[in-house]
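**Q** Dropping a structure here in structure tokens format, bear with me for questions.
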Amino acid sequence: MNALAIHGLELVRPGGFRLSIPSLSLSQGEQALLVAPSGGGKSTLLHLIAGLEDPDAGSIAIADMPISSLRGAARDAFRGASIGMVFQTFNLLHGFSAIENLTVAMMFSSVPATTHDARARALLSELGIDRPEQAVETMSVGQQQRVAVARALACRPTLVLADEPTASLDPANAATAIGLLQRACRDHGAALLCTSHDPSLREHFSRVIDLGTVEAAR
Amino acid sequence: MTDFTIVLRSLSLRRFSTTVTVTMVAVSVALLLVLLAMRDAGRAAFRRGTGNAHLLVSADTSPLVAVLNGMFYANAPSQPINWAAYMKIREAFPWSWTIPTQLGDSFRGSPVMATSKEFFTSFEPVLGQPWTFVAGKAFEAPYEAVVGAEAARMHGLKVGSELVLAHGMGTASGAAAHEHEDHPVEVVGILAPTGSAHDRAIFTSLETSWCVHAEESRLKEANAANPGEDDHGHLHVDPEDLRDSEKLITGILLRVPTRPGEQVSSALPVAFDLLRRQFPFTVAQPAQQVGRLFEIVSGVDTLFIAMAVAVMVAGALSVMLALYNSMDLRRRQVAILRVLGASQGRVFGLVLAESAIIGLLGSGLGIALAAVFGTVASAELQRRVGLVIDPSMDLRTIVLCTAAATFLACAAGIVPALRAYRTAVVQGLRPLG
């Protein structure tokens with residue numbers, strides 16, 4: 001079973017943007033870096049994989065479930081249960097504490113409700129957050145990033161999608177952050193597809209997918 | 001973590017906007033509740049006040065004025081009825097009872113009504129509920145008084161208290177025209193509350209009032225006749241010395257005979273016609289006049305209720321505006337919830353739940369405000385108009401108002417909830433600006 005399997009994906013947008021991926025897959029627990037120049041479609045591909053956008057043609061399957069054929073609430077529920085996402089700006093829920101950001105994420109997953117609190121505390125502790133009740137907007141950038149990683153893993157996802165997770169960090173911190181993300185995904189058995197336009201991250205991944213030459217990377 | 005927690009957190013994040021919106025809903029609910037409560041209580045108070053009297057005769061200019069003056073103590077009737085006329089009326093029909101009354105004096109703003117003993121034995125202030133005394137008994141001799149429950153409470157009167165009555169209906173401040181200071185009256189009885197205008201009145205015998213006024217007018221006459229002499233200060237008039245011209249009343253309460261247990265009688269129209277044809281006075285059927293009063297004020301009533309409903313709708317619109325405007329700021333929150341797995345329907349429900357909670361909180365606060373407003377308005381009505389009303393709200397009205405406010409708030413939440421429902425997730429995730 002693949003964590004991710006894409007076949008014959010086509011997306012055309014007005015203005016000449018075109019994304020075409022004949023085939024792309026990630027095995028369970030595999031980690032890959034997706035590179036492309038700015039505007040090359042990295043984020044769009046992640047949105048397609050997460051089911052936030054629909055392709056014009058082709059199929060996308062997560063753990064053999066064709067998310068692109070799911071509709072409405074079923075697709076949302078599947079995303080909540082199987083996919084974790086980390087964003088460049090973290091996109092944490094302001095006004096909520098670190099632990100609440102995780103328990104909100106677990107509300108929409110298949111994780112039993114009775115274990116939410118304990119799992120959230122364990123994840124945060126594992127990622128070095130010692131004040132789980134602190135409101136996220138009062139945390140440092142590094143802490144917020146850790147909370148974002150913990151939230152992505154909270155639902156026991158098959159696949160974690162990280163969209164430019166290090167774009168706002170300097171090179172030293174970027175290396176630390178990517179290391180943290182990789183280790184966390186590895187420890188929790190989640191595959192990782194990370195996008196970046198930062199060439200220095202290539203050395204951290206055994207597999208690099210260049211969207212411009214995706215045929216060659218297959 | 002539950003949906004309810006998310007809703008509460010979202011509301012508390014917009015604390016100021018939430019507070020203003022809840023207050024707006026609360027004021028509209030309170031306004032509606034107070035108007036409904038006052039209308040119902042006011043009508044009840046008027047209905048109760050007419051008691052078991054079938055007819056009221058007075059020299060007032062219209063039946064409605066006669067009832068407002070004679071039974072609700074609005075003003076002292078301007079024209080008197082002499083005792084001979086009363087006796088003729090009494091003999092003109094086989095009445096069940098007749099009770100002469102006289103208004104014109106007051107005690108610190110509370111009206112004083114002089115009447116006969118039958119007022120306490122035959123007249124029922126509330127249909128089917130005779131007078132009861134919480135202390136003492138009815139007056140038996142001149143210069144004795146019985147005090148209504150509200151008047152006793154207002155002035156701290158008890159059995160044994162002495163009152164100096166004043167000429168004129170006076171004001172609450174006690175600024176009456178002239179005090180009968182030579183004739184203090186002793187309180188011999190305190191009445192139980194009836195929920196009618198009679199609660200704020202003080203009752204004395206006709207002889208008390210007649211003697212006081214006779215002494216004063218005779219003294220005035222004596223002083224005018226012999227301006228040089230000053231020994232007329234202790235002129236005393238006993239009831240048996242009263243001249244017929246000094247026995248004046250201002251109203252007559254009448255009841256025609258009825259079958260036991262019945263309140264209406266086929267004899268009433270006959271008696272009514274007889275009085276109108278044979279006597280130069282105004283004849284009123286109190287219950288009918290109260291109904292007429294309601295007809296007159298029902299238009300204003302409806303207008304007030306319509307205004308309160310309009311305020312409620314304005315409250316609902318403010319809920320819609322507050323939530324709709326907040327959607328710009330919450331675009332990201334909605335997008336994040338969608339990414340985490342919340343369906344469009346669930347996001348719609350969360351926003352709708354916010355508006356419902358605003359409606360419920362507003363209603364709760366509105367009920368509390370209405371209780372305060374009602375008490376204040378009731379006290380003010382009593383002070384200004386003398387109408388003793390119970391501003392309590394019935395449970396059915398409270399439930400209906402709460403349901404209406406919540407429903408309106410929910411309806412107002414539909415537009416912002418649709419906006420949340422349609423939030424494009426991908427756009428919402430992009431940094432603002």
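Order determines the names: the first chain of the structure tokens is A, the second B, and so forth; residues in each chain are numbered 1 upward, and ligands are numbered 1 upward as they are shown.
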Need the shell around stretch 248-255 of chain B: protein/DNA/RNA residues with any atom at most 6 Å away, counting only C-alpha atoms. Skip same-chain ones fewer than 6 positions apart. Format as a PyMOL selection string?

**A** chain B and resi 53-58+80-83+95-102

**Q** Only N, CA, C and O atoms, please: the residues just picked out, written as a CSV table (one decimal), in the first residue's frame.

**A**
chain,number,residue,atom,x,y,z
B,53,ALA,N,-69.3,46.2,41.6
B,53,ALA,CA,-70.2,47.2,41.4
B,53,ALA,C,-70.8,47.1,39.9
B,53,ALA,O,-70.0,47.0,39.0
B,54,HIS,N,-72.1,47.2,39.8
B,54,HIS,CA,-72.6,47.1,38.4
B,54,HIS,C,-72.7,48.5,37.8
B,54,HIS,O,-72.5,48.7,36.6
B,55,LEU,N,-72.9,49.5,38.7
B,55,LEU,CA,-73.1,50.9,38.1
B,55,LEU,C,-72.4,51.9,39.0
B,55,LEU,O,-72.2,51.6,40.2
B,56,LEU,N,-72.0,53.0,38.4
B,56,LEU,CA,-71.5,54.1,39.2
B,56,LEU,C,-72.2,55.4,38.7
B,56,LEU,O,-72.3,55.7,37.5
B,57,VAL,N,-72.7,56.1,39.7
B,57,VAL,CA,-73.3,57.4,39.4
B,57,VAL,C,-72.4,58.5,39.9
B,57,VAL,O,-71.9,58.4,41.0
B,58,SER,N,-72.2,59.5,39.0
B,58,SER,CA,-71.5,60.7,39.5
B,58,SER,C,-71.9,61.9,38.7
B,58,SER,O,-72.6,61.8,37.7
B,80,PRO,N,-70.5,67.9,43.1
B,80,PRO,CA,-71.0,67.0,44.1
B,80,PRO,C,-72.5,66.5,43.8
B,80,PRO,O,-73.1,67.1,42.9
B,81,ILE,N,-72.9,65.5,44.5
B,81,ILE,CA,-74.3,65.0,44.5
B,81,ILE,C,-74.8,65.3,45.9
B,81,ILE,O,-74.1,64.9,46.9
B,82,ASN,N,-76.0,65.9,46.0
B,82,ASN,CA,-76.5,66.1,47.4
B,82,ASN,C,-77.1,64.8,47.9
B,82,ASN,O,-77.5,63.9,47.2
B,83,TRP,N,-77.3,64.8,49.2
B,83,TRP,CA,-77.8,63.7,49.9
B,83,TRP,C,-79.2,63.3,49.5
B,83,TRP,O,-79.6,62.1,49.4
B,95,TRP,N,-82.4,48.0,44.6
B,95,TRP,CA,-80.9,47.7,44.5
B,95,TRP,C,-80.5,46.6,45.5
B,95,TRP,O,-81.1,46.4,46.6
B,96,SER,N,-79.5,45.8,45.1
B,96,SER,CA,-78.9,44.9,46.1
B,96,SER,C,-78.2,45.7,47.2
B,96,SER,O,-78.3,45.4,48.3
B,97,TRP,N,-77.5,46.7,46.7
B,97,TRP,CA,-76.9,47.6,47.7
B,97,TRP,C,-76.6,48.9,47.0
B,97,TRP,O,-76.4,49.0,45.8
B,98,THR,N,-76.5,50.0,47.7
B,98,THR,CA,-76.0,51.3,47.2
B,98,THR,C,-74.9,51.8,48.2
B,98,THR,O,-75.1,51.7,49.4
B,99,ILE,N,-73.8,52.3,47.7
B,99,ILE,CA,-72.8,52.8,48.6
B,99,ILE,C,-72.4,54.2,48.1
B,99,ILE,O,-71.9,54.4,47.0
B,100,PRO,N,-72.7,55.2,49.0
B,100,PRO,CA,-72.2,56.6,48.6
B,100,PRO,C,-70.7,56.8,48.9
B,100,PRO,O,-70.2,56.2,49.8
B,101,THR,N,-70.1,57.5,48.0
B,101,THR,CA,-68.7,57.8,48.2
B,101,THR,C,-68.4,59.3,48.0
B,101,THR,O,-69.2,60.0,47.3
B,102,GLN,N,-67.3,59.7,48.7
B,102,GLN,CA,-67.0,61.1,48.5
B,102,GLN,C,-65.4,61.2,48.4
B,102,GLN,O,-64.7,60.7,49.3

**Q** Which residues of chain A come within 7 Å of chain B, and what is each one's closest atom pair and distance in Å (one decimal), counting only C-alpha atoms, sorted by chain and residue number, as CSV?

**A**
residue,atom,partner,partner_atom,distance
A:Leu52,CA,B:Val426,CA,6.9
A:Ala73,CA,B:Ser343,CA,5.0
A:Asp76,CA,B:Gly341,CA,4.6
A:Ala77,CA,B:Gly341,CA,5.2
A:Arg79,CA,B:Gly341,CA,5.6
A:Gly80,CA,B:Gly341,CA,3.8
A:Asn91,CA,B:Ile336,CA,6.7
A:Leu93,CA,B:Gln333,CA,6.3
A:Gly95,CA,B:Leu13,CA,6.4
A:Thr103,CA,B:Met1,CA,6.0
A:Val104,CA,B:Met1,CA,6.2
A:Ala105,CA,B:Leu340,CA,5.4
A:Phe108,CA,B:Gly341,CA,5.3

**Q** May I have all residues of stretch 1-91 of chain B that DSSP, computed from the backbone, assigns to strand (DSSP E), given as a PyMOL selection string?

**A** chain B and resi 55-58+81-82

**Q** Quick one: write out the picked residues with all heavy atoms as a PDB file, in the first residue's frame?

**A**
ATOM      1  N   LEU B  55     -72.948  49.529  38.657  1.00  0.00           N
ATOM      2  CA  LEU B  55     -73.116  50.889  38.141  1.00  0.00           C
ATOM      3  C   LEU B  55     -72.401  51.891  39.043  1.00  0.00           C
ATOM      4  O   LEU B  55     -72.216  51.638  40.244  1.00  0.00           O
ATOM      5  CB  LEU B  55     -74.605  51.253  38.075  1.00  0.00           C
ATOM      6  CG  LEU B  55     -75.473  50.456  37.089  1.00  0.00           C
ATOM      7  CD1 LEU B  55     -76.956  50.741  37.346  1.00  0.00           C
ATOM      8  CD2 LEU B  55     -75.122  50.785  35.650  1.00  0.00           C
ATOM      9  N   LEU B  56     -72.035  52.991  38.422  1.00  0.00           N
ATOM     10  CA  LEU B  56     -71.458  54.100  39.185  1.00  0.00           C
ATOM     11  C   LEU B  56     -72.166  55.380  38.739  1.00  0.00           C
ATOM     12  O   LEU B  56     -72.252  55.657  37.545  1.00  0.00           O
ATOM     13  CB  LEU B  56     -69.947  54.202  38.898  1.00  0.00           C
ATOM     14  CG  LEU B  56     -69.251  55.454  39.418  1.00  0.00           C
ATOM     15  CD1 LEU B  56     -69.217  55.476  40.937  1.00  0.00           C
ATOM     16  CD2 LEU B  56     -67.829  55.539  38.890  1.00  0.00           C
ATOM     17  N   VAL B  57     -72.669  56.107  39.681  1.00  0.00           N
ATOM     18  CA  VAL B  57     -73.325  57.381  39.374  1.00  0.00           C
ATOM     19  C   VAL B  57     -72.431  58.500  39.882  1.00  0.00           C
ATOM     20  O   VAL B  57     -71.907  58.427  41.003  1.00  0.00           O
ATOM     21  CB  VAL B  57     -74.713  57.471  40.069  1.00  0.00           C
ATOM     22  CG1 VAL B  57     -75.302  58.877  39.907  1.00  0.00           C
ATOM     23  CG2 VAL B  57     -75.659  56.425  39.505  1.00  0.00           C
ATOM     24  N   SER B  58     -72.206  59.498  39.049  1.00  0.00           N
ATOM     25  CA  SER B  58     -71.452  60.672  39.515  1.00  0.00           C
ATOM     26  C   SER B  58     -71.870  61.893  38.714  1.00  0.00           C
ATOM     27  O   SER B  58     -72.603  61.780  37.729  1.00  0.00           O
ATOM     28  CB  SER B  58     -69.937  60.436  39.395  1.00  0.00           C
ATOM     29  OG  SER B  58     -69.446  60.959  38.193  1.00  0.00           O
ATOM     30  N   ILE B  81     -72.879  65.513  44.510  1.00  0.00           N
ATOM     31  CA  ILE B  81     -74.264  65.042  44.476  1.00  0.00           C
ATOM     32  C   ILE B  81     -74.793  65.250  45.897  1.00  0.00           C
ATOM     33  O   ILE B  81     -74.115  64.878  46.872  1.00  0.00           O
ATOM     34  CB  ILE B  81     -74.324  63.538  44.130  1.00  0.00           C
ATOM     35  CG1 ILE B  81     -73.737  63.290  42.740  1.00  0.00           C
ATOM     36  CG2 ILE B  81     -75.754  63.017  44.220  1.00  0.00           C
ATOM     37  CD1 ILE B  81     -73.582  61.817  42.398  1.00  0.00           C
ATOM     38  N   ASN B  82     -75.992  65.865  46.005  1.00  0.00           N
ATOM     39  CA  ASN B  82     -76.457  66.098  47.386  1.00  0.00           C
ATOM     40  C   ASN B  82     -77.148  64.845  47.942  1.00  0.00           C
ATOM     41  O   ASN B  82     -77.530  63.940  47.198  1.00  0.00           O
ATOM     42  CB  ASN B  82     -77.337  67.342  47.481  1.00  0.00           C
ATOM     43  CG  ASN B  82     -78.578  67.222  46.623  1.00  0.00           C
ATOM     44  OD1 ASN B  82     -79.254  66.192  46.655  1.00  0.00           O
ATOM     45  ND2 ASN B  82     -78.854  68.260  45.841  1.00  0.00           N
TER      46      ASN B  82
END

**Q** Can you tell me, as a list in words, what residues are no more than 8 Å from A:Arg146 when counting only C-alpha atoms, ignoring any on the same chain fewer than 4 positions away?

**A**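 With the cut-off at 8 Å, the set is Leu124, Leu127, Gly128, Ile129, Gly142 and Ala150 of chain A.
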
**Q** How many Å separate atom CA of B:Pro184 from atom CA of B:Thr115?

**A**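 About the pair atom CA of B:Pro184 and atom CA of B:Thr115: they are 17.5 Å apart.
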
**Q** Give me the residues near A:Gln182 as a ChimeraX atom specification, where near means some atom within 8 Å (using only C-alpha atoms) and where sequence neighbours in that chain fewer than 3 positions away do not count.

**A** /A:31,178-179,185-186,192

**Q** Report the residues of stretch 18-254 of chain B whose backbone DSSP state falls under helix (DSSP H, G or I), written as a ChimeraX atom specification.

**A** /B:18-49,63-72,83-92,118-121,149-155,197-200,206-225,239-241,244-246

**Q** I'd like the interatomic distance between atom CA of B:Val415 and atom CA of B:Thr397, to a tenth of an Å.

**A** 28.3 Å

**Q** Report as a list in words all protein, DNA and RNA residues lying within 6 Å of stretch 11-23 of chain A, evaluated on only C-alpha atoms, omitting residues in the same chain fewer than 3 positions from it.

**A** Ile6, His7, Gly8, Pro55 and Asp56 of chain A

**Q** Please compute the atom CA of B:Gly315-atom CA of B:Val29 distance, one decimal, in Å.

**A**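 Separation of atom CA of B:Gly315 and atom CA of B:Val29: 9.0 Å.
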
**Q** From the set A:His47, A:Lys42, A:His197, A:Arg207, which residue has the shortest atom-to-atom contact distance to A:Thr166, counting only C-alpha atoms?

**A**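 For A:Thr166, the nearest of the given residues is A:His197.
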
**Q** Quick one: residues within 12 Å of B:Asp182, only C-alpha atoms counted, chain neighbours fewer than 4 positions away excluded, as an NGL selection string?

**A** :B and (143 or 162-166 or 178 or 211-213 or 215-216 or 233-236)

**Q** Go ahead and dump the residues you just picked, C-alpha atoms, as a compact mmCIF listing (two decimals), in the first residue's frame.

**A**
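Result saved to out.txt:
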# COMPACT_ATOMS: atom_id res chain seq x y z
CA TYR B 143 -62.52 60.34 62.84
CA GLU B 162 -52.90 59.42 63.47
CA LEU B 163 -53.39 61.12 60.12
CA VAL B 164 -53.91 64.75 59.29
CA LEU B 165 -55.90 64.76 56.07
CA ALA B 166 -55.54 67.53 53.53
CA HIS B 178 -55.06 72.90 53.02
CA CYS B 211 -68.09 67.18 59.94
CA VAL B 212 -64.56 68.36 59.08
CA HIS B 213 -65.74 70.32 56.08
CA GLU B 215 -66.78 72.97 60.77
CA GLU B 216 -64.39 74.68 58.40
CA GLY B 233 -61.64 78.84 66.45
CA HIS B 234 -63.18 75.89 68.33
CA LEU B 235 -66.44 75.48 66.45
CA HIS B 236 -67.51 71.83 66.75

**Q** Could you check which of B:Pro260, B:Pro286, B:Pro193, B:Gly109 is closest to B:Gly168, using only C-alpha atoms?

**A**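 Checking each of B:Pro260, B:Pro286, B:Pro193, B:Gly109 against B:Gly168, counting only C-alpha atoms, the winner is B:Gly109.
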
**Q** Can you tell me, as a PDB file with all heavy atoms, in the first residue's frame, what residues are no more than 12 Å from B:Arg396 when counting only C-alpha atoms, ignoring any on the same chain fewer than 5 positions away?

**A**
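What ended up in around_30.pdb:
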ATOM      1  N   LEU B  33     -40.652  42.482  26.666  1.00  0.00           N
ATOM      2  CA  LEU B  33     -41.210  41.832  27.856  1.00  0.00           C
ATOM      3  C   LEU B  33     -41.896  42.836  28.778  1.00  0.00           C
ATOM      4  O   LEU B  33     -42.993  42.582  29.286  1.00  0.00           O
ATOM      5  CB  LEU B  33     -40.099  41.112  28.634  1.00  0.00           C
ATOM      6  CG  LEU B  33     -39.671  39.747  28.091  1.00  0.00           C
ATOM      7  CD1 LEU B  33     -38.480  39.220  28.891  1.00  0.00           C
ATOM      8  CD2 LEU B  33     -40.816  38.751  28.152  1.00  0.00           C
ATOM      9  N   LEU B  36     -45.187  44.016  27.238  1.00  0.00           N
ATOM     10  CA  LEU B  36     -46.219  42.974  27.336  1.00  0.00           C
ATOM     11  C   LEU B  36     -46.690  42.816  28.778  1.00  0.00           C
ATOM     12  O   LEU B  36     -47.890  42.720  29.049  1.00  0.00           O
ATOM     13  CB  LEU B  36     -45.682  41.640  26.809  1.00  0.00           C
ATOM     14  CG  LEU B  36     -45.497  41.561  25.291  1.00  0.00           C
ATOM     15  CD1 LEU B  36     -44.803  40.262  24.906  1.00  0.00           C
ATOM     16  CD2 LEU B  36     -46.837  41.661  24.575  1.00  0.00           C
ATOM     17  N   ALA B  37     -45.705  42.802  29.692  1.00  0.00           N
ATOM     18  CA  ALA B  37     -46.054  42.608  31.107  1.00  0.00           C
ATOM     19  C   ALA B  37     -46.881  43.769  31.625  1.00  0.00           C
ATOM     20  O   ALA B  37     -47.890  43.576  32.317  1.00  0.00           O
ATOM     21  CB  ALA B  37     -44.784  42.446  31.937  1.00  0.00           C
ATOM     22  N   CYS B 401     -40.762  34.885  24.148  1.00  0.00           N
ATOM     23  CA  CYS B 401     -39.816  35.952  23.798  1.00  0.00           C
ATOM     24  C   CYS B 401     -38.413  35.392  23.604  1.00  0.00           C
ATOM     25  O   CYS B 401     -37.695  35.772  22.682  1.00  0.00           O
ATOM     26  CB  CYS B 401     -39.796  37.034  24.879  1.00  0.00           C
ATOM     27  SG  CYS B 401     -41.131  38.214  24.678  1.00  0.00           S
ATOM     28  N   THR B 402     -38.018  34.471  24.501  1.00  0.00           N
ATOM     29  CA  THR B 402     -36.689  33.862  24.385  1.00  0.00           C
ATOM     30  C   THR B 402     -36.588  33.089  23.075  1.00  0.00           C
ATOM     31  O   THR B 402     -35.599  33.194  22.341  1.00  0.00           O
ATOM     32  CB  THR B 402     -36.432  32.921  25.581  1.00  0.00           C
ATOM     33  OG1 THR B 402     -36.611  33.675  26.772  1.00  0.00           O
ATOM     34  CG2 THR B 402     -35.034  32.348  25.548  1.00  0.00           C
ATOM     35  N   ALA B 403     -37.637  32.323  22.782  1.00  0.00           N
ATOM     36  CA  ALA B 403     -37.633  31.529  21.546  1.00  0.00           C
ATOM     37  C   ALA B 403     -37.588  32.459  20.338  1.00  0.00           C
ATOM     38  O   ALA B 403     -36.834  32.207  19.385  1.00  0.00           O
ATOM     39  CB  ALA B 403     -38.877  30.651  21.503  1.00  0.00           C
TER      40      ALA B 403
END

**Q** With only C-alpha atoms as the atoms that count, which of B:Phe304, B:Phe348, B:Tyr324, B:Trp131 lies nearest to B:Val34?

**A**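 For B:Val34, the nearest of the candidates is B:Phe304.
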